[in-house]
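K.L.:
Pasting in a structure now, in structure tokens, and then I'll have a few things to ask.
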2 protein chains.
Amino acid sequence: MLTKAEITSQYILDTVAPIFNQNGYAATSLKDITEATGLTKGAIYGNFENKERLAIEAFRFTVKKLLMEISKHMSQSDSPKQKLFLLSDFYRNYYDYSKRLGGCPILNIGVDANNQNALLLKKVRQVIEKIQDKIAALIEDGIEVRELSSEINAMHYAKRIDSMLQGAIFMTYTMNDDFYLKDSADQIDQMIIEEMSY
Amino acid sequence: MLTKAEITSQYILDTVAPIFNQNGYAATSLKDITEATGLTKGAIYGNFENKERLAIEAFRFTVKKLLMEISKHMSQSDSPKQKLFLLSDFYRNYYDYSKRLGGCPILNIGVDANNQNALLLKKVRQVIEKIQDKIAALIEDGIEVRELSSEINAMHYAKRIDSMLQGAIFMTYTMNDDFYLKDSADQIDQMIIEEMSY
DNA sequence: ATTATTATATACCTATTGGTATATTTTTAT
DNA sequence: ATAAAAATATACCAATAGGTATATAATAAT
């Protein structure tokens, strides 16, 4: 059974995560947090050590949600190559989806934390590494089952795909135009077919 | 002849621009500004209306420097196609270069300003549009002199190149690894040769 | 050199910042 | 139902925020 504090903690994270994600760490005040949650500082500080700890937990909370959604989308196929297509396909609708999270947590917190919050930056790096490892593993699987060419460097392409997607996310948000996400998904698909396959 | 205030204004912008670029708008305090410049609030507010105005001018200052550096690098050739190669080549060393600016102003201020400062975001958008227009014009030139295929959509590829570069910049900074910039430059070169040329 | 103007420094303002000690209320286990 | 424990609210703190009125100093024109 969940204790009261656990329920409250989850509620705080659920409420506060999009705010941190949207505003950034420095631009999110304790007042923003208490107003959004309807709780007082006592309740916040009873559940989280300080603002930094709360921001870190909020980031983890959002990323967990995001990664689960991606996994779910990719589970539609068992073929590694098809899973790659499903990955790019997930990002076709990422603008709409990620708005609910307050934007892309990796992009927003990554830029925000750089030179500002070493701990938060470390968490972002870990998430990026995890994602790239997963993509690389998928490509390796694809090579093994002969869906993908054994000539290609898996991690190299994993980084390329990740980098292209992050660029598209940045451009889509900044220009408020999801052409970038749609187009980069197409570009990745083309790359899978023309460069990564036999 | 330059008036005292003009010299001081330029000095303030030169000193403060990298700070805003690194920290973001909210995380840069007037204290940061007075300490870095060695001036008092009186001097700052005598030259700039308020913090927002200063941030906007600082962004313009940095972007101007950056765009001039890119132009300079691209002036090494007159051929549109070669100019495109020079563009991607500029970004090969962009990590080192942009560190002096306090990071990439378009990425940093773009993310920072989103949902936070409408005026600043507008300025970022204008800069992005300007850059993409220039790249697209270059591609059109390339088509005209028959260096590039007339089949391609110039603005489409301009956006693609821009998006790929921004992604690489984000990844390079966040992971502290300029593989991403080097690789995306290679990828763009390959794209020019294999997709955009005859 | 003196004056008028411009630029900078000083001192101060209110509001807000993150954070905490303590009082009060709400849960939980008996 | 009651007591012990846990969770939340209240009231407060010092420090800092952006900004301004005014005094002082530096510059520019005569």
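Ordering of the structure tokens sets the chain letters (A, B, ...); residue numbers start at 1 within each chain; ligands are numbered from 1 in the order shown.
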Taking the DSSP secondary structure from the backbone, can you list the residues of chain B that are helix (DSSP H, G or I), as a ChimeraX atom specification?
P.N.:
/B:4-23,30-37,41-47,51-74,80-92,94-99,105-113,118-144,154-175,179-196
K.L.:
Go through chain C and flag each residue having an atom no more than 10 Å from chain A; for those, report the closest pair of atoms plus their distance in Å to one decimal, using only C-alpha atoms (C1' of nucleotides), ordered by chain and rising number, as JSON lines.
P.N.:
```
{"residue": "C:DT16", "atom": "C1'", "partner": "A:Lys31", "partner_atom": "CA", "distance": 9.2}
{"residue": "C:DT17", "atom": "C1'", "partner": "A:Ser29", "partner_atom": "CA", "distance": 7.8}
{"residue": "C:DG18", "atom": "C1'", "partner": "A:Leu30", "partner_atom": "CA", "distance": 7.4}
{"residue": "C:DG19", "atom": "C1'", "partner": "A:Asn50", "partner_atom": "CA", "distance": 8.2}
{"residue": "C:DT20", "atom": "C1'", "partner": "A:Gly42", "partner_atom": "CA", "distance": 9.3}
{"residue": "C:DT26", "atom": "C1'", "partner": "A:Lys4", "partner_atom": "CA", "distance": 9.8}
{"residue": "C:DT27", "atom": "C1'", "partner": "A:Lys4", "partner_atom": "CA", "distance": 7.6}
{"residue": "C:DT28", "atom": "C1'", "partner": "A:Thr3", "partner_atom": "CA", "distance": 9.3}
```
K.L.:
Each residue of chain A with at least one atom at most 6 Å from chain B should appear once, together with its nearest atom pair and the corresponding distance in Å (one decimal); atoms considered: only C-alpha atoms; ordering: chain, then increasing residue number; output as JSON lines.
P.N.:
```
{"residue": "A:Ala26", "atom": "CA", "partner": "B:Ala27", "partner_atom": "CA", "distance": 5.5}
{"residue": "A:Ala27", "atom": "CA", "partner": "B:Ala26", "partner_atom": "CA", "distance": 5.5}
{"residue": "A:Ser163", "atom": "CA", "partner": "B:Gly167", "partner_atom": "CA", "distance": 4.9}
{"residue": "A:Met164", "atom": "CA", "partner": "B:Met164", "partner_atom": "CA", "distance": 5.3}
{"residue": "A:Gln166", "atom": "CA", "partner": "B:Gly167", "partner_atom": "CA", "distance": 5.1}
{"residue": "A:Gly167", "atom": "CA", "partner": "B:Gly167", "partner_atom": "CA", "distance": 3.2}
{"residue": "A:Ala168", "atom": "CA", "partner": "B:Ser163", "partner_atom": "CA", "distance": 5.5}
```
K.L.:
Would you save the residues of that selection, restricted to N, CA and C atoms, as a PDB file, in the first residue's frame?
P.N.:
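Dumped to part.pdb:
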```pdb
ATOM      1  N   ALA A  26      16.205  27.690 -13.199  1.00  0.00           N
ATOM      2  CA  ALA A  26      16.277  28.991 -12.532  1.00  0.00           C
ATOM      3  C   ALA A  26      14.972  29.763 -12.640  1.00  0.00           C
ATOM      4  N   ALA A  27      14.289  29.600 -13.763  1.00  0.00           N
ATOM      5  CA  ALA A  27      13.077  30.385 -13.996  1.00  0.00           C
ATOM      6  C   ALA A  27      11.850  29.763 -13.336  1.00  0.00           C
ATOM      7  N   SER A 163      21.010  12.471 -33.149  1.00  0.00           N
ATOM      8  CA  SER A 163      21.370  13.866 -33.420  1.00  0.00           C
ATOM      9  C   SER A 163      20.383  14.523 -34.390  1.00  0.00           C
ATOM     10  N   MET A 164      20.012  13.792 -35.414  1.00  0.00           N
ATOM     11  CA  MET A 164      19.044  14.323 -36.385  1.00  0.00           C
ATOM     12  C   MET A 164      17.696  14.588 -35.728  1.00  0.00           C
ATOM     13  N   GLN A 166      17.099  15.183 -32.504  1.00  0.00           N
ATOM     14  CA  GLN A 166      17.182  16.315 -31.563  1.00  0.00           C
ATOM     15  C   GLN A 166      17.188  17.646 -32.307  1.00  0.00           C
ATOM     16  N   GLY A 167      17.868  17.670 -33.440  1.00  0.00           N
ATOM     17  CA  GLY A 167      17.852  18.884 -34.259  1.00  0.00           C
ATOM     18  C   GLY A 167      16.451  19.216 -34.729  1.00  0.00           C
ATOM     19  N   ALA A 168      15.743  18.192 -35.166  1.00  0.00           N
ATOM     20  CA  ALA A 168      14.377  18.387 -35.652  1.00  0.00           C
ATOM     21  C   ALA A 168      13.460  18.844 -34.523  1.00  0.00           C
TER      22      ALA A 168
END
```
K.L.:
Residues of chain D were defined as contacting chain A if any atom lay at most 12 Å from it, counting only C-alpha atoms (C1' of nucleotides); please report them as a list in words.
P.N.:
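Here is what falls inside 12 Å: DA6, DA7, DT8, DA9, DT10 and DA11 of chain D.
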K.L.:
For the residues in the current selection, export N, CA and C atoms (P, O5', C5', C4', C3', O3' and C1' of nucleotides) as a compact mmCIF listing (two decimals), in the first residue's frame.
P.N.:
```
# COMPACT_ATOMS: atom_id res chain seq x y z
P DA D 6 7.23 7.51 11.54
O5' DA D 6 6.36 8.38 10.53
C5' DA D 6 5.12 7.83 10.06
C4' DA D 6 4.37 8.91 9.32
C3' DA D 6 5.21 9.72 8.34
O3' DA D 6 4.56 9.64 7.09
C1' DA D 6 3.98 11.16 9.75
P DA D 7 5.20 10.33 5.81
O5' DA D 7 4.30 11.64 5.71
C5' DA D 7 2.88 11.49 5.67
C4' DA D 7 2.23 12.86 5.71
C3' DA D 7 2.73 13.85 4.68
O3' DA D 7 1.59 14.39 4.03
C1' DA D 7 2.75 14.83 6.82
P DT D 8 1.74 15.31 2.73
O5' DT D 8 1.41 16.75 3.34
C5' DT D 8 0.11 16.96 3.88
C4' DT D 8 0.10 18.25 4.65
C3' DT D 8 0.47 19.49 3.84
O3' DT D 8 -0.68 20.30 3.78
C1' DT D 8 1.46 19.52 6.01
P DA D 9 -0.68 21.69 2.99
O5' DA D 9 -0.61 22.72 4.21
C5' DA D 9 -1.58 22.61 5.26
C4' DA D 9 -1.37 23.69 6.31
C3' DA D 9 -1.16 25.10 5.76
O3' DA D 9 -1.96 25.99 6.52
C1' DA D 9 0.69 24.50 7.11
P DT D 10 -2.07 27.52 6.13
O5' DT D 10 -1.12 28.22 7.19
C5' DT D 10 -1.19 27.83 8.56
C4' DT D 10 -0.12 28.53 9.37
C3' DT D 10 0.15 29.97 8.95
O3' DT D 10 0.00 30.81 10.09
C1' DT D 10 2.18 28.76 9.15
P DA D 11 0.03 32.43 9.90
O5' DA D 11 1.51 32.77 10.42
C5' DA D 11 2.04 32.07 11.54
C4' DA D 11 3.52 32.37 11.69
C3' DA D 11 3.91 33.80 11.31
O3' DA D 11 4.81 34.31 12.27
C1' DA D 11 5.21 32.27 10.07
```
K.L.:
Could you do a least-squares fit of chain A on chain B over every C-alpha atom, in sequence order, and give the output as a short mmCIF file (atom, residue, chain, number, x, y, z; two decimals) with C-alpha atoms, in the first residue's frame?
P.N.:
```cif
data_model
loop_
_atom_site.label_atom_id
_atom_site.label_comp_id
_atom_site.auth_asym_id
_atom_site.auth_seq_id
_atom_site.Cartn_x
_atom_site.Cartn_y
_atom_site.Cartn_z
CA MET A 1 33.58 59.91 -33.57
CA LEU A 2 32.16 57.49 -31.05
CA THR A 3 30.56 58.96 -27.96
CA LYS A 4 31.45 57.65 -24.54
CA ALA A 5 28.07 55.98 -24.20
CA GLU A 6 28.50 54.14 -27.50
CA ILE A 7 31.87 52.79 -26.44
CA THR A 8 30.48 51.74 -23.06
CA SER A 9 27.43 50.12 -24.67
CA GLN A 10 29.62 48.07 -26.95
CA TYR A 11 31.86 47.12 -24.05
CA ILE A 12 28.86 46.02 -22.00
CA LEU A 13 27.47 43.93 -24.85
CA ASP A 14 30.84 42.37 -25.55
CA THR A 15 31.21 41.41 -21.89
CA VAL A 16 27.66 40.42 -21.14
CA ALA A 17 26.63 38.56 -24.31
CA PRO A 18 28.50 35.33 -23.48
CA ILE A 19 27.05 35.36 -19.97
CA PHE A 20 23.46 35.59 -21.18
CA ASN A 21 24.25 32.97 -23.78
CA GLN A 22 25.68 30.58 -21.22
CA ASN A 23 23.31 31.11 -18.33
CA GLY A 24 20.08 32.02 -20.02
CA TYR A 25 17.95 35.07 -19.32
CA ALA A 26 16.50 34.25 -15.89
CA ALA A 27 19.72 32.79 -14.53
CA THR A 28 21.69 35.93 -15.39
CA SER A 29 21.39 38.49 -12.63
CA LEU A 30 22.19 42.20 -12.62
CA LYS A 31 24.90 41.33 -10.13
CA ASP A 32 26.51 38.98 -12.70
CA ILE A 33 26.40 41.85 -15.15
CA THR A 34 27.85 44.54 -12.90
CA GLU A 35 30.57 42.21 -11.63
CA ALA A 36 31.63 41.11 -15.10
CA THR A 37 31.71 44.63 -16.50
CA GLY A 38 33.06 46.32 -13.38
CA LEU A 39 30.31 48.91 -13.82
CA THR A 40 27.44 49.82 -11.56
CA LYS A 41 23.72 49.50 -12.14
CA GLY A 42 23.62 53.20 -12.93
CA ALA A 43 25.92 52.69 -15.90
CA ILE A 44 24.03 49.64 -17.13
CA TYR A 45 20.60 51.25 -16.87
CA GLY A 46 21.96 54.47 -18.33
CA ASN A 47 22.79 52.55 -21.51
CA PHE A 48 20.01 49.96 -21.63
CA GLU A 49 16.36 50.35 -20.80
CA ASN A 50 16.13 47.13 -18.79
CA LYS A 51 17.41 43.58 -18.51
CA GLU A 52 15.26 42.31 -21.37
CA ARG A 53 16.49 45.01 -23.76
CA LEU A 54 20.06 44.20 -22.79
CA ALA A 55 19.50 40.49 -23.43
CA ILE A 56 18.04 41.21 -26.85
CA GLU A 57 20.89 43.51 -27.83
CA ALA A 58 23.38 40.95 -26.52
CA PHE A 59 21.81 38.27 -28.70
CA ARG A 60 21.97 40.50 -31.78
CA PHE A 61 25.57 41.33 -30.99
CA THR A 62 26.59 37.66 -30.81
CA VAL A 63 24.63 36.63 -33.90
CA LYS A 64 26.17 39.43 -35.93
CA LYS A 65 29.64 38.22 -34.99
CA LEU A 66 28.74 34.63 -35.83
CA LEU A 67 27.16 35.40 -39.20
CA MET A 68 30.13 37.51 -40.20
CA GLU A 69 32.48 34.66 -39.36
CA ILE A 70 30.42 32.23 -41.44
CA SER A 71 30.32 34.69 -44.36
CA LYS A 72 34.06 35.14 -44.13
CA HIS A 73 34.64 31.39 -44.21
CA MET A 74 32.31 30.95 -47.18
CA SER A 75 33.92 33.77 -49.14
CA GLN A 76 36.84 31.44 -49.92
CA SER A 77 35.00 30.29 -53.02
CA ASP A 78 32.59 31.82 -55.52
CA SER A 79 31.00 28.55 -56.56
CA PRO A 80 27.62 27.96 -54.85
CA LYS A 81 28.31 24.27 -54.41
CA GLN A 82 31.74 24.94 -52.96
CA LYS A 83 30.18 27.53 -50.67
CA LEU A 84 27.86 24.83 -49.34
CA PHE A 85 30.85 22.62 -48.62
CA LEU A 86 32.46 25.58 -46.87
CA LEU A 87 29.35 26.04 -44.77
CA SER A 88 29.45 22.48 -43.46
CA ASP A 89 33.19 22.88 -43.06
CA PHE A 90 32.69 25.92 -40.84
CA TYR A 91 30.66 23.80 -38.46
CA ARG A 92 33.41 21.20 -38.24
CA ASN A 93 35.22 23.62 -35.94
CA TYR A 94 32.12 25.20 -34.48
CA TYR A 95 32.54 23.70 -31.02
CA ASP A 96 35.81 25.50 -30.42
CA TYR A 97 34.66 28.68 -32.10
CA SER A 98 31.28 28.96 -30.42
CA LYS A 99 32.72 28.39 -26.96
CA ARG A 100 34.05 31.91 -27.20
CA LEU A 101 30.49 33.11 -27.72
CA GLY A 102 29.28 31.23 -24.66
CA GLY A 103 27.79 28.48 -26.82
CA CYS A 104 25.54 28.54 -29.85
CA PRO A 105 23.28 31.59 -29.44
CA ILE A 106 20.56 30.18 -31.65
CA LEU A 107 20.30 26.92 -29.74
CA ASN A 108 20.76 28.38 -26.27
CA ILE A 109 18.58 31.44 -26.59
CA GLY A 110 16.06 29.56 -28.73
CA VAL A 111 15.44 26.96 -26.04
CA ASP A 112 15.74 29.47 -23.21
CA ALA A 113 13.31 31.98 -24.73
CA ASN A 114 10.64 29.45 -25.64
CA ASN A 115 7.66 29.95 -23.31
CA GLN A 116 9.70 32.53 -21.41
CA ASN A 117 10.39 35.58 -23.52
CA ALA A 118 8.30 36.19 -26.63
CA LEU A 119 10.42 39.08 -27.88
CA LEU A 120 13.66 37.14 -27.64
CA LEU A 121 12.07 34.10 -29.30
CA LYS A 122 10.94 36.31 -32.18
CA LYS A 123 14.51 37.49 -32.71
CA VAL A 124 15.77 33.90 -32.76
CA ARG A 125 13.15 32.98 -35.35
CA GLN A 126 14.15 35.89 -37.54
CA VAL A 127 17.78 34.81 -37.44
CA ILE A 128 16.90 31.23 -38.33
CA GLU A 129 14.75 32.42 -41.23
CA LYS A 130 17.54 34.66 -42.45
CA ILE A 131 20.06 31.81 -42.37
CA GLN A 132 17.72 29.41 -44.14
CA ASP A 133 16.91 32.01 -46.78
CA LYS A 134 20.60 32.46 -47.45
CA ILE A 135 21.22 28.72 -47.75
CA ALA A 136 18.20 28.33 -50.02
CA ALA A 137 19.39 31.23 -52.20
CA LEU A 138 22.78 29.57 -52.46
CA ILE A 139 21.17 26.31 -53.57
CA GLU A 140 19.11 28.21 -56.15
CA ASP A 141 22.31 29.79 -57.44
CA GLY A 142 23.85 26.34 -57.64
CA ILE A 143 20.92 25.11 -59.69
CA GLU A 144 21.16 28.09 -62.00
CA VAL A 145 24.84 27.53 -62.77
CA ARG A 146 24.10 23.79 -63.13
CA GLU A 147 26.24 22.70 -60.19
CA LEU A 148 23.16 21.32 -58.46
CA SER A 149 20.20 19.35 -59.71
CA SER A 150 17.12 21.33 -60.74
CA GLU A 151 14.99 18.54 -59.26
CA ILE A 152 15.61 19.54 -55.65
CA ASN A 153 13.56 21.89 -53.49
CA ALA A 154 16.02 24.53 -52.29
CA MET A 155 14.19 25.63 -49.13
CA HIS A 156 13.49 22.04 -48.21
CA TYR A 157 17.18 21.20 -48.23
CA ALA A 158 18.08 24.47 -46.52
CA LYS A 159 15.86 23.50 -43.60
CA ARG A 160 17.26 19.99 -43.55
CA ILE A 161 20.84 21.22 -43.39
CA ASP A 162 19.99 23.74 -40.70
CA SER A 163 18.13 21.16 -38.63
CA MET A 164 20.95 18.63 -38.87
CA LEU A 165 23.49 21.21 -37.80
CA GLN A 166 21.45 22.37 -34.82
CA GLY A 167 21.02 18.78 -33.70
CA ALA A 168 24.75 18.22 -33.95
CA ILE A 169 25.41 21.40 -31.98
CA PHE A 170 23.06 20.32 -29.22
CA MET A 171 24.57 16.85 -29.02
CA THR A 172 28.14 18.13 -29.16
CA TYR A 173 27.57 20.52 -26.26
CA THR A 174 25.47 18.21 -24.15
CA MET A 175 27.77 15.22 -24.54
CA ASN A 176 30.94 17.32 -24.77
CA ASP A 177 31.92 15.37 -27.88
CA ASP A 178 32.35 16.99 -31.25
CA PHE A 179 31.92 13.71 -33.10
CA TYR A 180 28.40 14.92 -33.78
CA LEU A 181 29.49 18.11 -35.52
CA LYS A 182 32.20 16.38 -37.54
CA ASP A 183 29.84 13.59 -38.54
CA SER A 184 26.94 15.84 -39.52
CA ALA A 185 29.31 17.91 -41.65
CA ASP A 186 30.32 14.69 -43.41
CA GLN A 187 26.69 13.70 -43.77
CA ILE A 188 25.79 17.06 -45.30
CA ASP A 189 28.70 16.79 -47.74
CA GLN A 190 27.52 13.34 -48.73
CA MET A 191 24.00 14.71 -49.22
CA ILE A 192 25.30 17.50 -51.46
CA ILE A 193 27.17 15.01 -53.60
CA GLU A 194 24.68 12.16 -53.75
CA GLU A 195 21.30 13.88 -53.55
CA MET A 196 21.70 17.48 -54.55
CA SER A 197 24.09 17.14 -57.48
CA TYR A 198 23.39 15.66 -60.88
#
```
K.L.:
May I ask for the distance between atom C1' of D:DA23 and atom C1' of C:DT10, given in Å to one decimal place?
P.N.:
7.5 Å
K.L.:
Compile the contact shell of C:DC13 as a count of residues only: residues with an atom at most 12 Å away, counting only C-alpha atoms (C1' of nucleotides), same-chain residues fewer than 2 positions apart removed.
P.N.:
7
